[in-house]
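Here the structure comes first, spelled out in C-alpha cells, and everything after it is commentary.
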Amino acid sequence: MLTHLECTRCGEHYPADRPQSVCPKDAGILYARYDLATIKRTFSSARLAGRAPTMWRYDAVLPDANPVSLGEGFTPMLLSREYPNVYIKDEGLNPTGSFKARGLSACVTMARHFGSKKLAIPSAGNAAGALAAYSAAAGVEAHIFMPKDVPMANRIECDYYGAQVTLVDGLISDCARKVAELKDSEVWERDGWFDVSTTKEPYRVEGKKTMGYEVAEQLGWKIPEGIIYPTGGGVGLLGMWKAFDEMEKLGWIGSERPKMITVQSAGCAPIVKAWDEGKSSAEMWPHAATLASGLRVPKPYGDYLILDILKKSGGTAVAAADPEILDATGHWAKTEGIFAAPEGAASLVAYRKLRATGFFKPDDTVVLFNTGSGLKYLDVFDANTAHGAAGASPASSSSKTPTTRPIGGIIGPY
Ligand SMILES: [Zn+2]
C-alpha cells in the first residue's frame, strides 16, 4: 500500500521502489505515502486486537517488507502515581533500551529489502546501538562513526553487536564528514553502502510514527490534550503527527489533535529559541553542552517541520536545565519506579513548568515520553551524583557540574 514518497518542502513525488535519501531539488525530508483509502476499506482498528505486541501490529500502514524485528514497540503506557491524568510512555523497555529501536527496525528492514550491504551512521548515542543491533539481526554491516568520548554503554553495545566502530577525534559533525567522504568515494555505490542518518532517509520516521498509533490505541482511540516529547532530531514528533493525520484519513480518530510539546535541554535548545522568536527554522546552537546526550542536536534537519507542528497543534517548546533534569530523573525513579534516561526525565520538568503556568490544567490528559532507560547512562549519572536526587553524594564528584563531563555525540544533521 506504499505508493510513493513525497517531499515535505516542495511536494514532489518520488518512487518508493528503490533507496531514496532526501529531495534532490531542495533537500527536503521525504515522507512515505500510502493508499489510505484502500487500507480504510480493507482494514479497521478493531482488527488490531490480538495482534503481536510490537510496532509491526500496524503493518497495514508500514512498508510491505519482511520486518527485521527484535520485539520493538507497544511499550507500556503507565498511569502516573503522582499525577492522575498523566501517562508515561516508557520507551526504555524497547530492544537496546531506547525509542531508537523503532526507527532503526523500519530503516534496516527497508535497507535489507533494497539490498544495501553496509549501513553508515554518524551517531554517539542510542541510535548507534540500535543500528548495530538491527544490522546484526539483518545480517548486514553497521558502520558507526562516533566521537571518542561517547557514553560507555553505547560504545560497548556497538562492539558486542559486531558493528564496525570508528572512533573520531571530534564531534558528530566530524563523524558526519567521514560519512560524507565515503559517500563521495567509488566504494559507496559499488559496495552497497547506505546512509541512515536522522531524516536523511524516509523510513526511520515510519518506525517512529508507530508511537502515535500506540498512544491512540492504548488510550482507547482517545487523543490526549498534550504530548511532551524530548526533541533532539525530532523524528518521533514528526512521526506521531504524521500518524494522527493517517489515522484521521483511516477513520480511526477524528480531527482532534494533542498539543505537541518539545522539551530540550537548556544547554542545547535551538527549537525553543526559534519558537520563542517566532521563526520557522532553527539556527545552529553554539557550544552545545548537556548531559542528556540525545538532546545535543544543535540544528535538527527537520527543524522546519517540528516548528510547524508546534504551531499547528497549539503546542509550545520548553527548556530544562541539567540540574532540573537530574532532579526529575531521581524523582521519577522514587515516585514512579521508572529509571528514565535524562532526555525522558526532561519531560517531567516540562510538565511541571506547563502546569505552573496554567498551560495544562490538572484534568488535562498528557502523555510524557520517556525515550530510554537510565541504565544506558550509568557513567553519566555516576559522574553527576552530587546533582542528582538519588540520595548518594560522594564527595569526589561534588565539585563537578553536569556540563563539565564531555559526553560528545551531537546527533546531528550534518
Ligand atoms: Zn523537494
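Lettering and numbering for the C-alpha cells are positional, with chains as A, B, ... in the shown order, residues counted from 1 in each chain, and ligands counted from 1 in the shown order.
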
Item to complete: Identify, counting only C-alpha atoms and all ligand atoms, the protein, DNA and RNA residues located within 10 Å of ligand 1, and give them as a list in words.
Response: Glu6, Cys7, Thr8, Arg9, Cys10, Gly11, Glu12, His13, Tyr14, Val22, Cys23, Pro24, Lys25, Asp26, Ala27, Gly28, Ile29 and Leu30 of chain A

Please list as a compact mmCIF listing (two decimals) with all heavy atoms, in the first residue's frame every residue within 8 Å of Pro342 (chain A), counting only C-alpha atoms and excluding residues in the same chain fewer than 2 positions away.
# COMPACT_ATOMS: atom_id res chain seq x y z
N LEU A 291 24.19 16.94 29.70
CA LEU A 291 24.40 15.52 29.98
C LEU A 291 23.39 14.65 29.25
O LEU A 291 23.58 13.45 29.11
CB LEU A 291 24.35 15.26 31.49
CG LEU A 291 23.07 15.61 32.25
CD1 LEU A 291 22.05 14.50 32.21
CD2 LEU A 291 23.41 15.96 33.68
N ALA A 292 22.30 15.26 28.78
CA ALA A 292 21.31 14.50 28.01
C ALA A 292 21.81 14.42 26.56
O ALA A 292 21.44 15.23 25.71
CB ALA A 292 19.95 15.18 28.09
N ILE A 325 16.89 18.32 35.19
CA ILE A 325 16.74 17.00 34.56
C ILE A 325 17.20 15.91 35.53
O ILE A 325 16.53 14.88 35.69
CB ILE A 325 17.54 16.95 33.24
CG1 ILE A 325 16.89 17.85 32.17
CG2 ILE A 325 17.65 15.51 32.73
CD1 ILE A 325 17.69 17.97 30.88
N LEU A 326 18.33 16.13 36.19
CA LEU A 326 18.83 15.14 37.15
C LEU A 326 17.86 14.98 38.31
O LEU A 326 17.58 13.86 38.76
CB LEU A 326 20.20 15.56 37.67
CG LEU A 326 21.39 15.19 36.79
CD1 LEU A 326 22.66 15.81 37.35
CD2 LEU A 326 21.53 13.67 36.67
N THR A 329 14.96 12.95 37.16
CA THR A 329 15.31 11.54 36.99
C THR A 329 15.18 10.81 38.32
O THR A 329 14.59 9.73 38.41
CB THR A 329 16.75 11.40 36.46
OG1 THR A 329 16.92 12.22 35.31
CG2 THR A 329 17.05 9.95 36.09
N ALA A 340 14.56 6.54 34.31
CA ALA A 340 14.48 7.09 32.95
C ALA A 340 15.83 7.57 32.45
O ALA A 340 16.73 7.90 33.23
CB ALA A 340 13.50 8.28 32.95
N GLY A 344 14.37 11.61 28.80
CA GLY A 344 12.99 11.29 29.16
C GLY A 344 12.54 12.07 30.38
O GLY A 344 11.42 12.60 30.43
N ALA A 345 13.42 12.14 31.38
CA ALA A 345 13.06 12.87 32.61
C ALA A 345 12.83 14.34 32.34
O ALA A 345 12.12 15.01 33.08
CB ALA A 345 14.15 12.67 33.66
N ALA A 346 13.42 14.86 31.26
CA ALA A 346 13.18 16.26 30.89
C ALA A 346 11.69 16.50 30.63
O ALA A 346 11.19 17.62 30.81
CB ALA A 346 14.00 16.63 29.64
N GLY A 374 17.41 4.56 31.92
CA GLY A 374 18.51 5.17 32.66
C GLY A 374 19.72 4.26 32.74
O GLY A 374 20.85 4.72 32.96

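The two atoms in question, CA of Tyr160 (chain A) and CA of Pro19 (chain A), are spaced 28.2 Å apart.
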
Which residues, written as a compact mmCIF listing (two decimals) with N, CA and C atoms, in the first residue's frame, have at least one atom at most 12 Å from Phe360 (chain A), with only C-alpha atoms counted and residues fewer than 5 positions away on the same chain left out?
# COMPACT_ATOMS: atom_id res chain seq x y z
N ASN A 85 -3.88 12.35 35.75
CA ASN A 85 -4.20 12.35 34.31
C ASN A 85 -2.97 12.34 33.41
N VAL A 86 -1.85 11.96 34.00
CA VAL A 86 -0.61 11.89 33.23
C VAL A 86 -0.24 10.44 32.97
N PRO A 224 -4.99 12.44 23.60
CA PRO A 224 -4.74 13.24 24.81
C PRO A 224 -4.70 14.73 24.51
N GLU A 225 -4.81 15.54 25.55
CA GLU A 225 -4.71 17.00 25.36
C GLU A 225 -3.29 17.41 24.99
N GLY A 226 -2.32 16.64 25.48
CA GLY A 226 -0.95 17.03 25.20
C GLY A 226 0.00 15.85 25.15
N ILE A 227 1.07 16.02 24.37
CA ILE A 227 2.17 15.06 24.33
C ILE A 227 3.46 15.85 24.54
N ILE A 228 4.23 15.45 25.53
CA ILE A 228 5.52 16.11 25.77
C ILE A 228 6.62 15.18 25.28
N PRO A 258 -3.47 16.37 19.76
CA PRO A 258 -2.85 16.82 21.01
C PRO A 258 -2.02 18.07 20.78
N LYS A 259 -1.88 18.88 21.83
CA LYS A 259 -0.86 19.93 21.78
C LYS A 259 0.48 19.23 21.83
N ILE A 261 4.35 19.21 22.44
CA ILE A 261 5.29 20.00 23.23
C ILE A 261 6.70 19.45 23.02
N GLY A 314 -1.01 23.95 18.47
CA GLY A 314 -1.21 24.80 19.65
C GLY A 314 -0.26 24.43 20.77
N GLY A 315 0.86 23.85 20.41
CA GLY A 315 1.83 23.41 21.42
C GLY A 315 2.82 24.49 21.78
N THR A 316 3.93 24.08 22.31
CA THR A 316 4.96 25.04 22.70
C THR A 316 6.29 24.31 22.85
N ALA A 350 9.31 19.64 31.98
CA ALA A 350 8.43 20.45 31.12
C ALA A 350 6.99 20.41 31.62
N TYR A 351 6.53 19.23 32.04
CA TYR A 351 5.15 19.14 32.53
C TYR A 351 4.95 20.02 33.76
N ARG A 352 5.90 19.94 34.70
CA ARG A 352 5.79 20.78 35.91
C ARG A 352 5.70 22.25 35.53
N LYS A 353 6.54 22.67 34.59
CA LYS A 353 6.54 24.09 34.20
C LYS A 353 5.22 24.48 33.54
N LEU A 354 4.69 23.58 32.71
CA LEU A 354 3.45 23.91 31.99
C LEU A 354 2.23 23.85 32.91
N ARG A 355 2.32 23.08 33.98
CA ARG A 355 1.27 23.11 35.00
C ARG A 355 1.34 24.40 35.79
N THR A 365 -5.45 15.33 30.05
CA THR A 365 -4.68 14.10 29.84
C THR A 365 -3.42 14.43 29.05
N VAL A 366 -2.28 14.11 29.64
CA VAL A 366 -1.00 14.44 29.00
C VAL A 366 -0.11 13.20 29.01
N VAL A 367 0.52 12.92 27.87
CA VAL A 367 1.44 11.78 27.75
C VAL A 367 2.87 12.31 27.75

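Shortest separation to Ala180 (chain A) among A:Leu93, A:Ile121, A:Ile156, A:Ala320 occurs at residue A:Ile121, atoms counted being only C-alpha atoms.
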
How close does region 106-138 of chain A get to region 198-222 of chain A? List, as a Markdown table, each residue of region 106-138 of chain A within 12 Å, its nearest atom pair and the distance in Å to one decimal, counting only C-alpha atoms.
| residue | atom | partner | partner_atom | distance |
| --- | --- | --- | --- | --- |
| A:Ala106 | CA | A:Gly207 | CA | 5.0 |
| A:Cys107 | CA | A:Tyr203 | CA | 4.9 |
| A:Val108 | CA | A:Tyr203 | CA | 8.6 |
| A:Thr109 | CA | A:Tyr203 | CA | 8.9 |
| A:Met110 | CA | A:Tyr203 | CA | 7.3 |
| A:Ala111 | CA | A:Tyr203 | CA | 9.2 |
| A:His113 | CA | A:Tyr203 | CA | 12.0 |
| A:Leu119 | CA | A:Glu201 | CA | 11.8 |
| A:Ala120 | CA | A:Thr198 | CA | 11.2 |
| A:Ile121 | CA | A:Thr198 | CA | 8.5 |
| A:Pro122 | CA | A:Thr198 | CA | 9.1 |
| A:Ser123 | CA | A:Thr198 | CA | 9.3 |
| A:Ala127 | CA | A:Thr198 | CA | 8.9 |
| A:Ala128 | CA | A:Thr198 | CA | 11.1 |
| A:Ala130 | CA | A:Arg204 | CA | 11.6 |
| A:Leu131 | CA | A:Arg204 | CA | 10.9 |

Once you have the residues from the selection above, write them out as a compact mmCIF listing (two decimals), in the first residue's frame, restricted to all heavy atoms.
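Output below, filename again-v1.txt:
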# COMPACT_ATOMS: atom_id res chain seq x y z
N ALA A 106 12.57 -0.22 11.30
CA ALA A 106 11.95 0.08 9.99
C ALA A 106 13.01 0.39 8.94
O ALA A 106 12.93 -0.09 7.80
CB ALA A 106 10.98 1.26 10.14
N CYS A 107 14.00 1.16 9.31
CA CYS A 107 15.03 1.59 8.37
C CYS A 107 15.89 0.42 7.90
O CYS A 107 16.15 0.27 6.70
CB CYS A 107 15.88 2.66 9.06
SG CYS A 107 17.37 3.08 8.21
N VAL A 108 16.32 -0.43 8.83
CA VAL A 108 17.13 -1.58 8.45
C VAL A 108 16.28 -2.59 7.65
O VAL A 108 16.78 -3.22 6.71
CB VAL A 108 17.77 -2.24 9.69
CG1 VAL A 108 18.49 -3.54 9.33
CG2 VAL A 108 18.75 -1.28 10.35
N THR A 109 15.02 -2.71 7.99
CA THR A 109 14.12 -3.56 7.21
C THR A 109 14.13 -3.14 5.74
O THR A 109 14.29 -3.98 4.84
CB THR A 109 12.67 -3.46 7.76
OG1 THR A 109 12.62 -4.09 9.03
CG2 THR A 109 11.67 -4.11 6.82
N MET A 110 14.01 -1.83 5.50
CA MET A 110 13.94 -1.36 4.12
C MET A 110 15.31 -1.40 3.44
O MET A 110 15.41 -1.70 2.25
CB MET A 110 13.35 0.06 4.08
CG MET A 110 11.91 0.12 4.49
SD MET A 110 10.86 -1.11 3.63
CE MET A 110 10.76 -0.36 2.00
N ALA A 111 16.36 -1.13 4.21
CA ALA A 111 17.71 -1.19 3.63
C ALA A 111 18.02 -2.61 3.16
O ALA A 111 18.55 -2.82 2.07
CB ALA A 111 18.74 -0.72 4.65
N HIS A 113 15.76 -4.85 2.42
CA HIS A 113 14.81 -5.08 1.32
C HIS A 113 15.38 -4.60 -0.02
O HIS A 113 15.20 -5.24 -1.05
CB HIS A 113 13.51 -4.34 1.66
CG HIS A 113 12.43 -4.45 0.63
ND1 HIS A 113 11.70 -5.60 0.44
CD2 HIS A 113 11.96 -3.54 -0.26
CE1 HIS A 113 10.82 -5.40 -0.53
NE2 HIS A 113 10.95 -4.17 -0.98
N LEU A 119 25.57 -0.21 6.23
CA LEU A 119 24.79 0.94 6.67
C LEU A 119 25.67 1.85 7.52
O LEU A 119 26.30 1.41 8.48
CB LEU A 119 23.58 0.47 7.48
CG LEU A 119 22.74 -0.62 6.81
CD1 LEU A 119 21.50 -0.94 7.64
CD2 LEU A 119 22.32 -0.20 5.40
N ALA A 120 25.70 3.12 7.15
CA ALA A 120 26.57 4.08 7.83
C ALA A 120 25.75 5.07 8.64
O ALA A 120 24.71 5.56 8.18
CB ALA A 120 27.41 4.84 6.80
N ILE A 121 26.22 5.36 9.86
CA ILE A 121 25.53 6.33 10.69
C ILE A 121 26.55 7.14 11.50
O ILE A 121 27.45 6.58 12.10
CB ILE A 121 24.51 5.63 11.64
CG1 ILE A 121 23.51 6.62 12.23
CG2 ILE A 121 25.21 4.87 12.76
CD1 ILE A 121 22.33 5.94 12.92
N PRO A 122 26.46 8.48 11.44
CA PRO A 122 27.21 9.28 12.38
C PRO A 122 26.35 9.45 13.62
O PRO A 122 25.26 9.99 13.55
CB PRO A 122 27.39 10.62 11.65
CG PRO A 122 26.30 10.66 10.62
CD PRO A 122 25.69 9.30 10.49
N SER A 123 26.81 8.94 14.74
CA SER A 123 25.98 8.98 15.96
C SER A 123 26.86 8.77 17.16
O SER A 123 27.95 8.22 17.06
CB SER A 123 24.92 7.88 15.90
OG SER A 123 24.31 7.72 17.17
N ALA A 127 21.01 5.74 18.90
CA ALA A 127 20.77 5.35 17.50
C ALA A 127 21.86 4.41 17.01
O ALA A 127 21.60 3.46 16.27
CB ALA A 127 20.69 6.58 16.60
N ALA A 128 23.08 4.65 17.47
CA ALA A 128 24.19 3.78 17.07
C ALA A 128 23.97 2.37 17.60
O ALA A 128 24.13 1.38 16.86
CB ALA A 128 25.50 4.35 17.60
N ALA A 130 21.18 0.97 18.43
CA ALA A 130 20.04 0.34 17.75
C ALA A 130 20.42 -0.09 16.34
O ALA A 130 20.08 -1.20 15.91
CB ALA A 130 18.85 1.31 17.71
N LEU A 131 21.15 0.75 15.61
CA LEU A 131 21.57 0.35 14.27
C LEU A 131 22.44 -0.91 14.35
O LEU A 131 22.27 -1.83 13.54
CB LEU A 131 22.35 1.46 13.57
CG LEU A 131 22.90 1.03 12.19
CD1 LEU A 131 21.77 0.77 11.20
CD2 LEU A 131 23.88 2.05 11.62

Practice prompt. Would you mind listing what lies within 7 Å of Ala132 (chain A) as a ChimeraX atom specification, with only C-alpha atoms counted and same-chain residues fewer than 3 positions away left out?
Written response: /A:128-129,135-136,142,158,161,163

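CA of Asp169 (chain A) to CA of Ala266 (chain A) spans 25.4 Å [interatomic distance, one decimal].
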
Fill in: Every residue of region 49-230 of chain A that DSSP places in helix (DSSP H, G or I), as a PyMOL selection string
chain A and resi 55-61+91-93+95-97+100-113+126-138+152-160+172-184+187-190+203-218

Item to complete: Write out as an NGL selection string which residues come within 10 Å of Trp285 (chain A) when counting only C-alpha atoms, dropping same-chain ones fewer than 6 positions away.
Response: :A and (267-271 or 273 or 296-299)

Store the residues picked out above in a file with N, CA and C atoms, as a compact mmCIF listing (two decimals), in the first residue's frame.
# COMPACT_ATOMS: atom_id res chain seq x y z
N GLY A 267 21.00 23.59 27.66
CA GLY A 267 22.35 23.67 27.09
C GLY A 267 22.39 23.46 25.59
N CYS A 268 21.24 23.13 25.01
CA CYS A 268 21.14 22.96 23.55
C CYS A 268 19.65 23.02 23.19
N ALA A 269 19.17 24.22 22.95
CA ALA A 269 17.72 24.41 22.77
C ALA A 269 17.40 25.21 21.52
N PRO A 270 17.84 24.75 20.36
CA PRO A 270 17.61 25.54 19.14
C PRO A 270 16.12 25.68 18.78
N ILE A 271 15.34 24.66 19.06
CA ILE A 271 13.91 24.73 18.73
C ILE A 271 13.19 25.69 19.69
N LYS A 273 14.48 28.24 21.18
CA LYS A 273 14.87 29.60 20.80
C LYS A 273 14.10 30.07 19.56
N ARG A 296 21.65 16.72 22.31
CA ARG A 296 22.73 17.57 21.78
C ARG A 296 22.67 17.62 20.26
N VAL A 297 21.61 18.19 19.78
CA VAL A 297 21.43 18.35 18.33
C VAL A 297 21.32 19.84 18.07
N PRO A 298 22.41 20.48 17.64
CA PRO A 298 22.41 21.95 17.57
C PRO A 298 21.50 22.53 16.49
N LYS A 299 21.20 21.72 15.45
CA LYS A 299 20.22 22.18 14.46
C LYS A 299 19.59 20.95 13.81

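Shortest separation to Phe114 (chain A) among A:Ser255, A:Ser280, A:Gln20, A:Ser185 occurs at residue A:Gln20, atoms counted being only C-alpha atoms.
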
Practice prompt. Pick out the closest residue to Arg47 (chain A) from this set: A:His287, A:Trp252, A:Pro95, A:Tyr304. Count only C-alpha atoms.
Written response: A:Trp252

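Take the candidates A:Ile88, A:Ser21, A:Asp64, A:Asp308 and check each one against Ser197 (chain A) using only C-alpha atoms; the shortest distance goes to A:Ser21.
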
Fill in: Nearest candidate to Ala333 (chain A) (options A:Leu295, A:Leu238, A:Leu48, A:Leu375; using only C-alpha atoms)
A:Leu375

Discussion item. According to DSSP computed on the backbone, where in region 63-212 of chain A is there strand (DSSP E or B)? Give the residues as JSON, numbers by chain.
Written reply: {"A": [77, 78, 79, 86, 87, 88, 89, 90, 98, 118, 119, 120, 121, 122, 141, 142, 143, 144, 145, 146, 147, 164, 165, 166, 167, 168, 193, 194, 195]}

Selection from above, N, CA and C atoms, as a PDB file, in the first residue's frame, can you write it?
ATOM      1  N   MET A  77       2.047   2.033  28.535  1.00  0.00           N
ATOM      2  CA  MET A  77       1.528   3.386  28.781  1.00  0.00           C
ATOM      3  C   MET A  77       1.140   3.400  30.254  1.00  0.00           C
ATOM      4  N   LEU A  78       2.029   3.893  31.098  1.00  0.00           N
ATOM      5  CA  LEU A  78       1.874   3.777  32.545  1.00  0.00           C
ATOM      6  C   LEU A  78       1.184   5.006  33.110  1.00  0.00           C
ATOM      7  N   LEU A  79       0.132   4.783  33.890  1.00  0.00           N
ATOM      8  CA  LEU A  79      -0.550   5.895  34.556  1.00  0.00           C
ATOM      9  C   LEU A  79       0.327   6.376  35.711  1.00  0.00           C
ATOM     10  N   VAL A  86      -1.848  11.962  34.004  1.00  0.00           N
ATOM     11  CA  VAL A  86      -0.608  11.891  33.235  1.00  0.00           C
ATOM     12  C   VAL A  86      -0.236  10.441  32.973  1.00  0.00           C
ATOM     13  N   TYR A  87       0.145  10.174  31.743  1.00  0.00           N
ATOM     14  CA  TYR A  87       0.669   8.851  31.384  1.00  0.00           C
ATOM     15  C   TYR A  87       2.138   8.976  31.021  1.00  0.00           C
ATOM     16  N   ILE A  88       2.882   7.924  31.362  1.00  0.00           N
ATOM     17  CA  ILE A  88       4.290   7.879  30.966  1.00  0.00           C
ATOM     18  C   ILE A  88       4.440   6.740  29.965  1.00  0.00           C
ATOM     19  N   LYS A  89       4.776   7.091  28.744  1.00  0.00           N
ATOM     20  CA  LYS A  89       5.011   6.102  27.696  1.00  0.00           C
ATOM     21  C   LYS A  89       6.467   5.672  27.833  1.00  0.00           C
ATOM     22  N   ASP A  90       6.676   4.447  28.307  1.00  0.00           N
ATOM     23  CA  ASP A  90       8.030   4.049  28.695  1.00  0.00           C
ATOM     24  C   ASP A  90       8.768   3.342  27.567  1.00  0.00           C
ATOM     25  N   SER A  98      15.972   1.906  24.121  1.00  0.00           N
ATOM     26  CA  SER A  98      15.520   3.252  23.759  1.00  0.00           C
ATOM     27  C   SER A  98      14.555   3.204  22.588  1.00  0.00           C
ATOM     28  N   LYS A 118      25.980  -2.266   3.561  1.00  0.00           N
ATOM     29  CA  LYS A 118      26.744  -1.550   4.588  1.00  0.00           C
ATOM     30  C   LYS A 118      25.984  -0.289   4.964  1.00  0.00           C
ATOM     31  N   LEU A 119      25.574  -0.211   6.228  1.00  0.00           N
ATOM     32  CA  LEU A 119      24.795   0.936   6.672  1.00  0.00           C
ATOM     33  C   LEU A 119      25.670   1.849   7.520  1.00  0.00           C
ATOM     34  N   ALA A 120      25.704   3.122   7.145  1.00  0.00           N
ATOM     35  CA  ALA A 120      26.573   4.084   7.829  1.00  0.00           C
ATOM     36  C   ALA A 120      25.753   5.075   8.637  1.00  0.00           C
ATOM     37  N   ILE A 121      26.221   5.359   9.857  1.00  0.00           N
ATOM     38  CA  ILE A 121      25.528   6.334  10.694  1.00  0.00           C
ATOM     39  C   ILE A 121      26.552   7.140  11.495  1.00  0.00           C
ATOM     40  N   PRO A 122      26.458   8.475  11.440  1.00  0.00           N
ATOM     41  CA  PRO A 122      27.213   9.283  12.380  1.00  0.00           C
ATOM     42  C   PRO A 122      26.353   9.450  13.624  1.00  0.00           C
ATOM     43  N   GLU A 141      26.083  -5.077   7.494  1.00  0.00           N
ATOM     44  CA  GLU A 141      27.145  -4.433   8.268  1.00  0.00           C
ATOM     45  C   GLU A 141      26.696  -3.062   8.767  1.00  0.00           C
ATOM     46  N   ALA A 142      26.943  -2.805  10.059  1.00  0.00           N
ATOM     47  CA  ALA A 142      26.720  -1.463  10.609  1.00  0.00           C
ATOM     48  C   ALA A 142      28.068  -0.776  10.742  1.00  0.00           C
ATOM     49  N   HIS A 143      28.182   0.402  10.157  1.00  0.00           N
ATOM     50  CA  HIS A 143      29.407   1.199  10.256  1.00  0.00           C
ATOM     51  C   HIS A 143      29.091   2.472  11.025  1.00  0.00           C
ATOM     52  N   ILE A 144      29.620   2.520  12.230  1.00  0.00           N
ATOM     53  CA  ILE A 144      29.255   3.591  13.150  1.00  0.00           C
ATOM     54  C   ILE A 144      30.425   4.544  13.333  1.00  0.00           C
ATOM     55  N   PHE A 145      30.143   5.815  13.163  1.00  0.00           N
ATOM     56  CA  PHE A 145      31.164   6.848  13.317  1.00  0.00           C
ATOM     57  C   PHE A 145      30.807   7.667  14.548  1.00  0.00           C
ATOM     58  N   MET A 146      31.611   7.449  15.622  1.00  0.00           N
ATOM     59  CA  MET A 146      31.277   8.047  16.910  1.00  0.00           C
ATOM     60  C   MET A 146      32.447   8.875  17.423  1.00  0.00           C
ATOM     61  N   PRO A 147      32.146   9.950  18.145  1.00  0.00           N
ATOM     62  CA  PRO A 147      33.231  10.658  18.843  1.00  0.00           C
ATOM     63  C   PRO A 147      33.887   9.738  19.870  1.00  0.00           C
ATOM     64  N   GLN A 164      31.115  -2.157  12.983  1.00  0.00           N
ATOM     65  CA  GLN A 164      32.411  -1.538  12.706  1.00  0.00           C
ATOM     66  C   GLN A 164      32.368  -0.135  13.298  1.00  0.00           C
ATOM     67  N   VAL A 165      33.083   0.065  14.381  1.00  0.00           N
ATOM     68  CA  VAL A 165      33.045   1.353  15.067  1.00  0.00           C
ATOM     69  C   VAL A 165      34.305   2.140  14.756  1.00  0.00           C
ATOM     70  N   THR A 166      34.121   3.346  14.216  1.00  0.00           N
ATOM     71  CA  THR A 166      35.241   4.258  14.010  1.00  0.00           C
ATOM     72  C   THR A 166      35.134   5.366  15.040  1.00  0.00           C
ATOM     73  N   LEU A 167      36.128   5.427  15.951  1.00  0.00           N
ATOM     74  CA  LEU A 167      36.125   6.491  16.957  1.00  0.00           C
ATOM     75  C   LEU A 167      36.838   7.696  16.371  1.00  0.00           C
ATOM     76  N   VAL A 168      36.162   8.821  16.402  1.00  0.00           N
ATOM     77  CA  VAL A 168      36.649  10.026  15.748  1.00  0.00           C
ATOM     78  C   VAL A 168      37.044  11.049  16.803  1.00  0.00           C
ATOM     79  N   TRP A 193      26.650   0.673  -0.028  1.00  0.00           N
ATOM     80  CA  TRP A 193      26.525   1.480   1.188  1.00  0.00           C
ATOM     81  C   TRP A 193      25.189   2.229   1.193  1.00  0.00           C
ATOM     82  N   PHE A 194      24.731   2.560   2.416  1.00  0.00           N
ATOM     83  CA  PHE A 194      23.536   3.394   2.548  1.00  0.00           C
ATOM     84  C   PHE A 194      23.670   4.251   3.808  1.00  0.00           C
ATOM     85  N   ASP A 195      23.280   5.511   3.689  1.00  0.00           N
ATOM     86  CA  ASP A 195      23.375   6.480   4.788  1.00  0.00           C
ATOM     87  C   ASP A 195      22.060   6.499   5.555  1.00  0.00           C
TER      88      ASP A 195
END

Considering only C-alpha atoms, return as a compact mmCIF listing (two decimals) with N, CA and C atoms, in the first residue's frame whatever protein or nucleic-acid residues lie within 9 Å of Lys311 (chain A), sequence-local ones (same chain, fewer than 5 positions apart) excluded.
# COMPACT_ATOMS: atom_id res chain seq x y z
N MET A 260 1.34 19.48 20.84
CA MET A 260 2.64 18.83 20.78
C MET A 260 3.68 19.75 21.44
N TRP A 275 11.28 28.93 18.47
CA TRP A 275 9.86 29.04 18.82
C TRP A 275 9.59 30.37 19.54
N ILE A 306 9.24 20.44 12.63
CA ILE A 306 8.98 20.47 14.08
C ILE A 306 8.25 21.76 14.46
N THR A 316 3.93 24.08 22.31
CA THR A 316 4.96 25.04 22.70
C THR A 316 6.29 24.31 22.85

Practice prompt. Considering only C-alpha atoms, return as a VMD selection string whatever protein or nucleic-acid residues lie within 6 Å of Phe74 (chain A), sequence-local ones (same chain, fewer than 5 positions apart) excluded.
Written response: chain A and resid 53 to 55

Mind dumping the selected residues with C-alpha atoms as an mmCIF file, in the first residue's frame?
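And here is the file that came out, part29.cif:
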data_model
loop_
_atom_site.group_PDB
_atom_site.id
_atom_site.type_symbol
_atom_site.label_atom_id
_atom_site.label_comp_id
_atom_site.auth_asym_id
_atom_site.auth_seq_id
_atom_site.Cartn_x
_atom_site.Cartn_y
_atom_site.Cartn_z
ATOM 1 C CA PRO A 53 2.532 -6.592 20.780
ATOM 2 C CA THR A 54 5.188 -4.969 18.600
ATOM 3 C CA MET A 55 5.131 -1.936 16.313
#

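CA of Tyr377 (chain A) lies 12.6 Å from CA of Glu157 (chain A).
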